[in-house]
Amino acid sequence: MTTDAAAAFAAAYGDSPDGVWAAPGRINLIGEHTDYNEGFVLPAALPQTTRVAARRRTDGRIRLTSVQGDGRVTELALADLAPGGVPGWAAYPAGVFWALAQAGRPVGGADLAFTSDVPTGAGLSSSAALECATAIALDELFGLGLDAPARALLAQRAENDFVGVPCGALDQMASSCCVAGHAFFLDTRTLTGRQVPLDLPAVGLSLLVIDTRVKHDLGDGAYAALRAGCERAAGLLGVRALRDIGIEELPAAEEKLPVELRPLLRHVVTEDQRVLDAIRLLDAGEPRGLGPVLTAGHASLRDDYRVSCPETDLAVSAANAAGALGARMMGGGFGGSVLALVGTDRLDAVERAVRAAFADAGFTAPFVFPAVPSQGAHRIA
């Protein structure tokens with residue numbers, strides 16, 4: 001894994017890098033579309049990572065190449081970086097350079113070569129992995145002394161203000177801050193949280209990711225429209241964010257909103273409650289109870305938030321029918337991946353059932369793999 005990024009660097013630039021860093025994609029047990037509502041999330045890092053081999057420059061220029069890209073080197077001047085000015089995948093790492101400068105932490109430039117096994121467009125935060133790998137590489141190359149949350153917030157700013165996707169902090173905080181063998185319970189208002197042990201194999205359970213191969217593009221306006229709807233609802237209710245409406249206040253709050261905003265409120269409030277329910281189950285040593293929480297979360301995303309699609313709905317129903325304890329779609333929606341909680345002895349049966357259901361429906365075969373809670377961004381060479 002280390003040598004692939006270093007080899008890409010040598011092929012592109014004809015020399016060795018100063019170091020190699022990695023940042024993971026992520027799953028999210030529960031807490032979808034709550035982060036930009038200042039609510040609660042419960043992610044874990046994946047073993048799949050974006051790796052970057054990097055070398056300092058001092059001439060104010062950056063060069064970017066990716067094994068998964070077009071194979072070409074994109075060269076940019078730091079002084080010319082501006083939101084919306086860099087097309088394609090290169091906007092994500094370029095945005096981190098820009099965000100550092102905006103935060104008063106300018107760097108002198110760098111050569112970067114990326115490679116990744118995080119599936120793209122699958123709701124597993126491939127863009128955050130790209131940004132967070134860049135952030136930790138630049139932090140260490142230039143001795144900036146940033147901690148993991150600070151790097152995550154710079155990466156989020158890159159995606160919000162440079163790329164133009166109004167995401168919350170979930171993806172970047174997960175990619176930067178997660179710890180192997182744990183889920184990360186995060187309050188996205190205060191950006192405080194704690195690592196929650198998640199040793200599911202010890203109790204005969206596993207997490208299974210079902211990538212439906214339906215790609216989404218969060219820059220297409222649908223995600224922004226959902227966020228704007230939530231902000232409008234909060235304004236009408238006189239609160240800072242929908243996180244401030246408690247589950248017991250929900251019926252009365254719904255009555256104060258126009259009909260089209262009520263489902264958004266209902267999802268956010270009940271989803272925050274599902275995160276709190278999940279934490280109570282894990283703290284009580286009852287991880288099997290997470291199954292119904294996941295399935296209820298999917299129903300809310302499907303029926304209230306309306307970000308599901310036929311493929312994710314089928315993956316959930318087929319997994320549950322084959323013996324999964326619960327399942328739900330992850331990520332922004334409109335495709336992407338499903339997370340299922342499965343007894344380890346039922347993994348093969350659930351995978352076969354989902355594949356058969358997709359084949360019967362004429363859908364593209366899904367990519368299925370186990371999710372093992374792994375380490376956040378770190379140096380590997």
# chains A, B, ... in the order shown; residues from 1 in each chain; ligands from 1
$ residues_around --residues "Ala183 of chain A" --least-positions-apart "5" --cutoff "12 Å" --atoms "only C-alpha atoms" --output "ChimeraX atom specification"
/A:26-30,41-46,173-175,177-178,193-200,275,278-279,282-283,371-376
$ select_by_dssp --residues "segment 47-107 of chain A" --states "strand (DSSP E or B)" --output "count of residues only"
20
$ residues_around --residues "segment 356-367 of chain A" --least-positions-apart "2" --cutoff "7 Å" --atoms "only C-alpha atoms" --output "MDAnalysis selection string"
chainID A and resid 210:213 318 352:354 369
$ write_last_selection --atoms "all heavy atoms" --output "CSV table (one decimal), in the first residue's frame"
chain,number,residue,atom,x,y,z
A,210,ILE,N,-22.5,-2.8,1.3
A,210,ILE,CA,-23.1,-3.2,0.0
A,210,ILE,C,-23.0,-1.9,-0.9
A,210,ILE,O,-23.9,-1.1,-0.8
A,210,ILE,CB,-24.5,-3.7,0.1
A,210,ILE,CG1,-24.5,-4.9,1.1
A,210,ILE,CG2,-25.0,-4.1,-1.3
A,210,ILE,CD1,-25.9,-5.2,1.6
A,211,ASP,N,-22.0,-1.8,-1.8
A,211,ASP,CA,-21.9,-0.7,-2.7
A,211,ASP,C,-22.8,-1.0,-3.9
A,211,ASP,O,-22.5,-1.9,-4.7
A,211,ASP,CB,-20.5,-0.5,-3.1
A,211,ASP,CG,-20.3,0.6,-4.2
A,211,ASP,OD1,-21.3,1.3,-4.5
A,211,ASP,OD2,-19.1,0.8,-4.6
A,212,THR,N,-23.9,-0.2,-4.1
A,212,THR,CA,-24.9,-0.5,-5.1
A,212,THR,C,-24.3,-0.2,-6.5
A,212,THR,O,-25.0,-0.5,-7.5
A,212,THR,CB,-26.1,0.3,-4.9
A,212,THR,OG1,-25.9,1.7,-5.0
A,212,THR,CG2,-26.7,0.0,-3.5
A,213,ARG,N,-23.2,0.5,-6.6
A,213,ARG,CA,-22.6,0.9,-7.9
A,213,ARG,C,-23.4,2.1,-8.5
A,213,ARG,O,-23.2,2.4,-9.7
A,213,ARG,CB,-22.4,-0.2,-8.8
A,213,ARG,CG,-21.6,-1.4,-8.3
A,213,ARG,CD,-20.1,-1.0,-8.1
A,213,ARG,NE,-19.4,-2.2,-7.7
A,213,ARG,CZ,-18.6,-2.9,-8.5
A,213,ARG,NH1,-18.5,-2.5,-9.8
A,213,ARG,NH2,-17.9,-3.9,-8.0
A,318,ALA,N,-33.4,-7.0,0.9
A,318,ALA,CA,-32.9,-8.3,0.6
A,318,ALA,C,-32.0,-8.8,1.8
A,318,ALA,O,-32.0,-9.9,2.2
A,318,ALA,CB,-32.1,-8.3,-0.7
A,352,ARG,N,-25.1,-13.5,-0.8
A,352,ARG,CA,-25.7,-14.2,-1.9
A,352,ARG,C,-27.1,-13.7,-2.2
A,352,ARG,O,-27.5,-13.6,-3.3
A,352,ARG,CB,-25.8,-15.7,-1.6
A,352,ARG,CG,-24.4,-16.4,-1.7
A,352,ARG,CD,-24.6,-18.0,-1.7
A,352,ARG,NE,-25.4,-18.5,-0.6
A,352,ARG,CZ,-24.8,-18.9,0.6
A,352,ARG,NH1,-23.5,-18.8,0.7
A,352,ARG,NH2,-25.6,-19.3,1.6
A,353,ALA,N,-27.9,-13.5,-1.1
A,353,ALA,CA,-29.3,-13.0,-1.3
A,353,ALA,C,-29.3,-11.6,-2.0
A,353,ALA,O,-30.2,-11.4,-2.8
A,353,ALA,CB,-30.0,-12.9,0.1
A,354,VAL,N,-28.4,-10.7,-1.6
A,354,VAL,CA,-28.4,-9.4,-2.2
A,354,VAL,C,-28.0,-9.5,-3.6
A,354,VAL,O,-28.6,-8.9,-4.5
A,354,VAL,CB,-27.5,-8.5,-1.4
A,354,VAL,CG1,-27.3,-7.2,-2.1
A,354,VAL,CG2,-28.0,-8.2,0.0
A,369,PHE,N,-18.3,-5.9,0.8
A,369,PHE,CA,-17.1,-6.2,1.5
A,369,PHE,C,-17.4,-5.9,3.0
A,369,PHE,O,-18.3,-5.1,3.3
A,369,PHE,CB,-16.0,-5.3,1.0
A,369,PHE,CG,-16.2,-3.8,1.1
A,369,PHE,CD1,-15.8,-3.1,2.3
A,369,PHE,CD2,-16.8,-3.1,0.1
A,369,PHE,CE1,-16.0,-1.7,2.3
A,369,PHE,CE2,-17.0,-1.7,0.2
A,369,PHE,CZ,-16.5,-1.1,1.3
$ atom_distance --atom1 "atom CA of Cys132 of chain A" --atom2 "atom CA of Pro166 of chain A"
16.7 Å
$ atom_distance --atom1 "atom CA of Ala202 of chain A" --atom2 "atom CA of Gly25 of chain A"
23.6 Å
$ atom_distance --atom1 "atom CA of Gly297 of chain A" --atom2 "atom CA of Ser337 of chain A"
13.9 Å
$ closest_atom_pairs --of "segment 86-117 of chain A" --to "segment 9-15 of chain A" --cutoff "12 Å" --atoms "only C-alpha atoms" --output "Markdown table"
| residue | atom | partner | partner_atom | distance |
| --- | --- | --- | --- | --- |
| A:Ala110 | CA | A:Tyr13 | CA | 11.5 |
| A:Asp111 | CA | A:Tyr13 | CA | 8.0 |
| A:Leu112 | CA | A:Phe9 | CA | 7.1 |
| A:Ala113 | CA | A:Phe9 | CA | 5.0 |
| A:Phe114 | CA | A:Phe9 | CA | 8.0 |
| A:Thr115 | CA | A:Phe9 | CA | 9.8 |
$ residues_around --residues "Thr192 of chain A" --least-positions-apart "4" --cutoff "12 Å" --atoms "only C-alpha atoms" --output "PyMOL selection string"
chain A and resi 38-41+149+169-170+173+177+184-188
$ residues_around --residues "Ala122 of chain A" --least-positions-apart "3" --cutoff "9 Å" --atoms "only C-alpha atoms" --output "PyMOL selection string"
chain A and resi 118-119+125-126+211-216+330-331+335-337
$ write_last_selection --atoms "N, CA and C atoms" --output "PDB file, in the first residue's frame"
ATOM      1  N   VAL A 118     -10.628   3.615  -1.976  1.00  0.00           N
ATOM      2  CA  VAL A 118     -11.943   4.000  -1.469  1.00  0.00           C
ATOM      3  C   VAL A 118     -12.891   4.130  -2.658  1.00  0.00           C
ATOM      4  N   PRO A 119     -13.965   3.364  -2.708  1.00  0.00           N
ATOM      5  CA  PRO A 119     -14.887   3.478  -3.848  1.00  0.00           C
ATOM      6  C   PRO A 119     -15.429   4.906  -3.963  1.00  0.00           C
ATOM      7  N   SER A 125     -17.287   8.543   1.453  1.00  0.00           N
ATOM      8  CA  SER A 125     -16.461   9.728   1.707  1.00  0.00           C
ATOM      9  C   SER A 125     -15.101   9.681   1.031  1.00  0.00           C
ATOM     10  N   SER A 126     -15.090   9.321  -0.235  1.00  0.00           N
ATOM     11  CA  SER A 126     -13.833   9.333  -0.975  1.00  0.00           C
ATOM     12  C   SER A 126     -13.266  10.739  -1.085  1.00  0.00           C
ATOM     13  N   ASP A 211     -22.031  -1.809  -1.766  1.00  0.00           N
ATOM     14  CA  ASP A 211     -21.924  -0.686  -2.701  1.00  0.00           C
ATOM     15  C   ASP A 211     -22.812  -1.003  -3.895  1.00  0.00           C
ATOM     16  N   THR A 212     -23.884  -0.249  -4.066  1.00  0.00           N
ATOM     17  CA  THR A 212     -24.853  -0.536  -5.129  1.00  0.00           C
ATOM     18  C   THR A 212     -24.332  -0.203  -6.522  1.00  0.00           C
ATOM     19  N   ARG A 213     -23.209   0.487  -6.593  1.00  0.00           N
ATOM     20  CA  ARG A 213     -22.621   0.948  -7.863  1.00  0.00           C
ATOM     21  C   ARG A 213     -23.442   2.053  -8.519  1.00  0.00           C
ATOM     22  N   VAL A 214     -24.425   2.559  -7.815  1.00  0.00           N
ATOM     23  CA  VAL A 214     -25.165   3.724  -8.313  1.00  0.00           C
ATOM     24  C   VAL A 214     -24.428   4.960  -7.830  1.00  0.00           C
ATOM     25  N   LYS A 215     -23.901   5.727  -8.752  1.00  0.00           N
ATOM     26  CA  LYS A 215     -23.052   6.865  -8.385  1.00  0.00           C
ATOM     27  C   LYS A 215     -23.888   8.096  -8.117  1.00  0.00           C
ATOM     28  N   HIS A 216     -23.453   8.868  -7.151  1.00  0.00           N
ATOM     29  CA  HIS A 216     -24.107  10.133  -6.881  1.00  0.00           C
ATOM     30  C   HIS A 216     -23.111  11.262  -7.025  1.00  0.00           C
ATOM     31  N   MET A 330     -26.276   4.628   3.412  1.00  0.00           N
ATOM     32  CA  MET A 330     -25.357   5.589   4.015  1.00  0.00           C
ATOM     33  C   MET A 330     -25.073   6.708   3.041  1.00  0.00           C
ATOM     34  N   GLY A 331     -24.577   7.814   3.582  1.00  0.00           N
ATOM     35  CA  GLY A 331     -24.101   8.893   2.735  1.00  0.00           C
ATOM     36  C   GLY A 331     -25.178   9.875   2.366  1.00  0.00           C
ATOM     37  N   GLY A 335     -28.204   6.970  -4.318  1.00  0.00           N
ATOM     38  CA  GLY A 335     -27.291   5.897  -4.696  1.00  0.00           C
ATOM     39  C   GLY A 335     -26.349   5.593  -3.560  1.00  0.00           C
ATOM     40  N   GLY A 336     -25.182   5.086  -3.901  1.00  0.00           N
ATOM     41  CA  GLY A 336     -24.174   4.838  -2.884  1.00  0.00           C
ATOM     42  C   GLY A 336     -24.303   3.478  -2.238  1.00  0.00           C
ATOM     43  N   SER A 337     -24.002   3.397  -0.952  1.00  0.00           N
ATOM     44  CA  SER A 337     -23.840   2.118  -0.267  1.00  0.00           C
ATOM     45  C   SER A 337     -24.867   1.922   0.839  1.00  0.00           C
TER      46      SER A 337
END
$ residues_around --residues "Gly84 of chain A" --least-positions-apart "6" --cutoff "12 Å" --atoms "only C-alpha atoms" --output "list in words"
Ala90, Ala91, Tyr92, Ala94, Gly95, Trp98, Ala158, Glu159, Asn160, Asp161, Phe162, Val163, Gly164, Val165 and Gly219 of chain A
$ residues_around --residues "Ala381 of chain A" --least-positions-apart "6" --cutoff "10 Å" --atoms "only C-alpha atoms" --output "VMD selection string"
chain A and resid 2 to 3 6 17 to 22 53
$ select_by_dssp --residues "segment 35-251 of chain A" --states "helix (DSSP H, G or I)" --output "PyMOL selection string"
chain A and resi 35-37+78-80+88-102+126-141+148-163+170-177+200-203+218-220+222-237+242-244+247-251
$ closest_residue --among "A:Tyr36, A:Val342, A:Arg280, A:Pro370" --to "Ala234 of chain A" --atoms "only C-alpha atoms"
A:Tyr36
$ closest_residue --among "A:Arg262, A:Arg105, A:Arg274, A:Arg57" --to "Ala296 of chain A" --atoms "only C-alpha atoms"
A:Arg274
$ closest_residue --among "A:Val179, A:Ala103, A:Leu339, A:Ala77" --to "Leu146 of chain A" --atoms "only C-alpha atoms"
A:Ala103
$ closest_residue --among "A:Val209, A:Lys256, A:Arg63, A:Trp89" --to "Gln48 of chain A" --atoms "only C-alpha atoms"
A:Val209
